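For reference, the structure is listed below as structure tokens.
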4 protein chains.
Amino acid sequence: MAAIIRRSANFSLKYSNYVRHRVVSSRSMASKVPVGFIGLGNMGNPMAKNLIKHGYPIVVADIFPESCKEVQDLGAQIMDSSADVAERVDRVITMLPSTPNVIEAYTGPNGILKKVKKGSLLIDSSTIDPLVSKEIAKEAEKTGALFMDAPVSGGVGAARAGNLTFMVGGLEGEFNAAKELLSCMGTNVVYCGEVGTGQAAKICNNMLLAISMIGTAETMNLGIRLGLDPKLLAKILNMSSGRCWSSDTYNPVPGVMDGVPSANDYQGGFTTTLMAKDLGLAQNTATNTKTPALLGTLSHQIYRMMCARGYAQKDFSAVFQFLREEENI
Amino acid sequence: MAAIIRRSANFSLKYSNYVRHRVVSSRSMASKVPVGFIGLGNMGNPMAKNLIKHGYPIVVADIFPESCKEVQDLGAQIMDSSADVAERVDRVITMLPSTPNVIEAYTGPNGILKKVKKGSLLIDSSTIDPLVSKEIAKEAEKTGALFMDAPVSGGVGAARAGNLTFMVGGLEGEFNAAKELLSCMGTNVVYCGEVGTGQAAKICNNMLLAISMIGTAETMNLGIRLGLDPKLLAKILNMSSGRCWSSDTYNPVPGVMDGVPSANDYQGGFTTTLMAKDLGLAQNTATNTKTPALLGTLSHQIYRMMCARGYAQKDFSAVFQFLREEENI
Amino acid sequence: MAAIIRRSANFSLKYSNYVRHRVVSSRSMASKVPVGFIGLGNMGNPMAKNLIKHGYPIVVADIFPESCKEVQDLGAQIMDSSADVAERVDRVITMLPSTPNVIEAYTGPNGILKKVKKGSLLIDSSTIDPLVSKEIAKEAEKTGALFMDAPVSGGVGAARAGNLTFMVGGLEGEFNAAKELLSCMGTNVVYCGEVGTGQAAKICNNMLLAISMIGTAETMNLGIRLGLDPKLLAKILNMSSGRCWSSDTYNPVPGVMDGVPSANDYQGGFTTTLMAKDLGLAQNTATNTKTPALLGTLSHQIYRMMCARGYAQKDFSAVFQFLREEENI
Amino acid sequence: MAAIIRRSANFSLKYSNYVRHRVVSSRSMASKVPVGFIGLGNMGNPMAKNLIKHGYPIVVADIFPESCKEVQDLGAQIMDSSADVAERVDRVITMLPSTPNVIEAYTGPNGILKKVKKGSLLIDSSTIDPLVSKEIAKEAEKTGALFMDAPVSGGVGAARAGNLTFMVGGLEGEFNAAKELLSCMGTNVVYCGEVGTGQAAKICNNMLLAISMIGTAETMNLGIRLGLDPKLLAKILNMSSGRCWSSDTYNPVPGVMDGVPSANDYQGGFTTTLMAKDLGLAQNTATNTKTPALLGTLSHQIYRMMCARGYAQKDFSAVFQFLREEENI
């Protein structure tokens, strides 16, 4: 108990340092202060461009330097390592594929925390295990920096259009500082609670999404076999208690809706392999918290099987196709 | 093939008889023609009363004659058997608990088909196996009567308020005749296709409902354990792709919404035992049509377990409670 | 209650008639009395031949008359219908693919019960829903015949070798009469209880078999991915509490054992489609008796999916292959 | 590639140091060399006593020092920390409840690796994530010590009787050195392969055990509801392809076997909470290796639910009871 109190006291101390630093650094300049951006992949690239559009000079790094070329042409400064980025700015955004990359980018030998400035704001938009977010936040705190998790929903299209949703976990008093930046890249920026809850919200949403998508696919398939017209069935579900986003906005059955992956041979959208990854996180957090999640874990297994059977790069709504009888056997 | 054609020819013949009969019987009278109603249980009673309110004289039967008292006081004529009801009217509605009751009421020794008049319209609003609906329709056809399945969604409250949804399967040309009666008891009367598709639509909706309800319960539980406020989590899901009727209209977590069973210790609503029954039908139809339904069958098993563990009479959203850790162990 | 007692009395009466009949018919002849055999498919053919080998003249029928040629060459008498077989013998064995075939063969317009002799013993070795076995037994009783269910375990090989296992349900006093015939075709003839329990035992065994086979496949696959040699893993499981028939006698991993389908590209053995059929029966009986069976129903769904994805005619141990990552994607 | 070769070279170097050390240390003394033992819980205590019985002086530590009293009375030397134990011996066995405890005991500030002697042999008999075993082995290698994983099967009874089974992963050349010690505590000591494969074998066995136990419980329950006598059903399964350890050695149905937990209200044996823990490990390793494990993960969820519903301290065969209908509702 005493230890916890002591630690809180320390934190308040650090926090007031932090606030002073930031106030100084952001108010004393007329033009916008540079922002660091680490991870220029399919998602990170358009996100970084939107920051540039909003007038932020950016300083970037990626383990594949060629990924930085596009933003370099737009004026971004390229660094060799995450540490070098952190040294030059007091706000850093990271957007990386998975948990080990995030651990490396923050705590690795050339990681952010090696050279981060006191009072820096570190925002991780990757989707990772919330326990890891919490661990990194603790490590960041030791250096006097503040870490927030802010995973996104919406895919590459939303990243380009700048209308992602960010789910943000971290110190409430700093939410506005994070929101200032994230609003350049997304239309919804939602405060979720302490560090890790952004990840928690993301994981929860995607678990329920997977469950209702598979449920919709099973249900539509069953209804069709029982003689129902798929468009009519979708209409009935959507005016009844079976209604869900997967049935009314992203229906997995070809021919029911236009402009969704099922209308385009399950190209585009959110890939099965990414859904399997997020469900792996959901399963890990459920295991760690000893939370029963029967449909959630079975959904994970189904997407895992689909990855093994050739669906990895198709949109996750292709589960409808996976459950259908093959024609040429 | 020839047999099928022959049979269609026979049917056309019967059908024109049927049409002539009905035209004669309904147009030749100034006041409304009596309607039969069999099955005066929790659902049947308020449905029958709504028919009376709309001016239909009704003729009723129930294997528990005491169930008929309320409608008797409102002027209903009580018969000893289903057959006797069928003898006196040319339109009969049945509302019974499960498949065997429906089989008995139609094809049993005192069943409707024993004394049904040629050209009668028989509407079954029970939720049963669609294969049985098809079989009964064939038997009815042999007597010159027309059978339609028209199961409902919405519970006792909707039955009282007269705003049930009816999903109707049967001959399209007779849909309006059915709708005339069903509209007295419900606000949505949807034509689904040939006989059995009303049941199919009902079963499909409830399977998807069960899946998304359990999914919502698992997800909310996981989120709470990960430190999210349940109201906030519901809000996030409802603006994202995890949104479903169970999350935005009937949330299973106490304290998230008012006026739903979770706000009232899971009293009222749609009982777990009824959901288990409907999922049993879904499972049977999936087995019969060799349709894979992984989440659907697992959902059935979960509701089956809940029935065995004391939740039979609670609302089906109590699955949230079932998945939570018990407190006093 | 009275009704039940009366019915028992009737039955005793019928039963003593039955016993007298049988005693007369079987003791009064020097050579063996002919036996009826209906259903000369992959299983029925070798079973019937084993009866012939043991000296029984046989009278047969099959809806595909060409199936009877082999036994005709061995002296069997061929009839046009099941009814005609029943008319000529006082013991009939049926071996048919599924529930509807059995219903037709017994209660159809040319079915056994149309011409069965009083006191006949009717043995059904098909695998069907135990509720149907009970229904047929009741119908048979009305004609003064006795029905027993006697499904087999062991496939075509065991049928040829005459070492099937029979699980027999029916009147205990008549078990020896059934055993006399069944012993010609199998080495284990087990009395299970009243009518339907033979089917129950068969269905239970196959449900547990499916569960442990899939479990073995998942486990071996996981172990291999974790760096274990499959032969060594099998050895460890088989000396530990994970041991089961699927791990020690019929291992699904190619290279672990010789002489099993996994050593021969999953050819031969017990097909996935037959396993899916038996699991459908298990699922129906579980639903009808409101018994939770989580792994049982999920196993059914897995075999259902395999059928839809090209595994229908492979041995059911091919689930190992189904769960492995595809190579050429 | 080069890095891997270099590392192997380093390792050979270290390894020859290691061998020289050990040869010197164990051959130069007449009486037995002391052995370290960390973790004197329910399992560790009887295991340590068996080492003492075999003449090994032991040096022990536990975070609850009172756990060491019993072995202290038998002559064990008690240390304050794992580091202090490692400093005094050249062979250490650890037996701890879960992954974080093992990480702490090896790599924590007072952990073994802080003071371990070059050439020491470190054997971890805890059941943990095999990835963690591999990580610790790498860390140990850096200090010149050799780490092996050697989880056990068999519970407290087997620990007392000295007939545990050890599944050992690590350098094959050192297996005999480990076996010398482990044979004092168990009758089977099985070499599984490189570091981590001992854990892999343990986890695989327990996953298959859980699946077949739940499968047996579901099957026995279904059979009983279908009218089969449980003893007879067990007998039939055990002579058929449904046979497994859970059906023939540890049957979960009260009255079928003597001397098993189901005969004693599910007291004793292997608790549900421990099974849930091992299944959590199985689930994590399956997720990490992207291996589909549908029944394995569902089994995990079922044991997770049982823990939440009052079964945590009952034997894991109580899943039979969990699936049965409650009587007093």
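Going through the structure tokens in order, the chains are called A, B, and so on, while each chain numbers its residues from 1 and the ligands are numbered from 1 in the order shown.
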
Write down as a list in words the residues of region 9-141 of chain D whose backbone DSSP state falls under strand (DSSP E).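 The residues of region 9-141 of chain D classed as strand (DSSP E) are Val35, Gly36, Phe37, Ile38, Ile58, Val59, Val60, Ala61, Gln77, Ile78, Arg91, Val92, Ile93, Thr94, Leu121, Leu122, Ile123 and Asp124 of chain D.
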
For a quick test of understanding: name the residues of chain A lying within 12 Å of chain C when counting only C-alpha atoms, and present them as a PyMOL selection string. chain A and resi 218+294-295+298+301-313+319+321-329

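Between CA of Ser241 (chain C) and CA of Gly227 (chain C) the interatomic distance comes to 20.8 Å.
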
Tell me, as JSON, numbers by chain, which residues lie within 6 Å of Gly169 (chain D), counting only C-alpha atoms; anything in the same chain fewer than 6 positions away does not count. {"D": [148, 149, 192, 193, 194, 195, 196, 197, 198]}

Find the spatial neighbours of Pro57 (chain B), counting only C-alpha atoms, within a cut-off of 9 Å - ignore same-chain residues fewer than 6 positions away - and output them as a PDB file with N, CA, C and O atoms, in the first residue's frame.
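Saved the output as part34.pdb:
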ATOM      1  N   LYS B  32     -68.531  -9.371 -39.936  1.00  0.00           N
ATOM      2  CA  LYS B  32     -67.336 -10.180 -40.136  1.00  0.00           C
ATOM      3  C   LYS B  32     -67.591 -11.659 -39.887  1.00  0.00           C
ATOM      4  O   LYS B  32     -68.346 -12.029 -38.989  1.00  0.00           O
ATOM      5  N   VAL B  33     -66.936 -12.466 -40.674  1.00  0.00           N
ATOM      6  CA  VAL B  33     -67.094 -13.917 -40.603  1.00  0.00           C
ATOM      7  C   VAL B  33     -66.276 -14.436 -39.421  1.00  0.00           C
ATOM      8  O   VAL B  33     -65.143 -13.987 -39.204  1.00  0.00           O
ATOM      9  N   PRO B  34     -66.785 -15.391 -38.648  1.00  0.00           N
ATOM     10  CA  PRO B  34     -66.046 -15.899 -37.483  1.00  0.00           C
ATOM     11  C   PRO B  34     -64.715 -16.529 -37.891  1.00  0.00           C
ATOM     12  O   PRO B  34     -64.569 -17.070 -38.981  1.00  0.00           O
ATOM     13  N   VAL B  35     -63.782 -16.455 -36.963  1.00  0.00           N
ATOM     14  CA  VAL B  35     -62.449 -17.015 -37.154  1.00  0.00           C
ATOM     15  C   VAL B  35     -62.192 -18.015 -36.035  1.00  0.00           C
ATOM     16  O   VAL B  35     -62.543 -17.768 -34.882  1.00  0.00           O
ATOM     17  N   GLY B  36     -61.559 -19.148 -36.379  1.00  0.00           N
ATOM     18  CA  GLY B  36     -61.188 -20.115 -35.345  1.00  0.00           C
ATOM     19  C   GLY B  36     -59.842 -19.755 -34.741  1.00  0.00           C
ATOM     20  O   GLY B  36     -58.951 -19.242 -35.439  1.00  0.00           O
ATOM     21  N   LEU B  51     -58.122 -10.029 -32.050  1.00  0.00           N
ATOM     22  CA  LEU B  51     -59.061 -10.341 -33.138  1.00  0.00           C
ATOM     23  C   LEU B  51     -60.473  -9.880 -32.769  1.00  0.00           C
ATOM     24  O   LEU B  51     -61.192  -9.287 -33.587  1.00  0.00           O
ATOM     25  N   GLY B  75     -67.117 -13.152 -25.461  1.00  0.00           N
ATOM     26  CA  GLY B  75     -68.047 -13.592 -26.503  1.00  0.00           C
ATOM     27  C   GLY B  75     -67.575 -14.749 -27.356  1.00  0.00           C
ATOM     28  O   GLY B  75     -68.293 -15.204 -28.251  1.00  0.00           O
ATOM     29  N   ALA B  76     -66.391 -15.265 -27.101  1.00  0.00           N
ATOM     30  CA  ALA B  76     -65.902 -16.380 -27.924  1.00  0.00           C
ATOM     31  C   ALA B  76     -66.732 -17.635 -27.667  1.00  0.00           C
ATOM     32  O   ALA B  76     -67.181 -17.875 -26.535  1.00  0.00           O
ATOM     33  N   GLN B  77     -66.873 -18.410 -28.700  1.00  0.00           N
ATOM     34  CA  GLN B  77     -67.590 -19.675 -28.598  1.00  0.00           C
ATOM     35  C   GLN B  77     -66.561 -20.789 -28.365  1.00  0.00           C
ATOM     36  O   GLN B  77     -65.555 -20.863 -29.090  1.00  0.00           O
TER      37      GLN B  77
END

Residues within 12 Å of Asp73 (chain A), please, as a list in words. Count only C-alpha atoms; anything in the same chain fewer than 6 positions from it doesn't count.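 Those residues are Lys49, Ile52, Ile58, Glu66 and Ser67 of chain A.
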
What is the distance between CA of Lys134 (chain B) and CA of Ser98 (chain B), in Å to one decimal? 15.4 Å

Expressed in Å to a single decimal, how great is the separation between CA of Asn288 (chain B) and CA of Ala201 (chain C)?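 For CA of Asn288 (chain B) relative to CA of Ala201 (chain C), the distance reads 22.0 Å.
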
Check the DSSP output for the backbone and give back, as a ChimeraX atom specification, the residues of region 95-175 of chain C in helix (DSSP H, G or I). /C:99-107,112-115,130-142,156-161,172-175
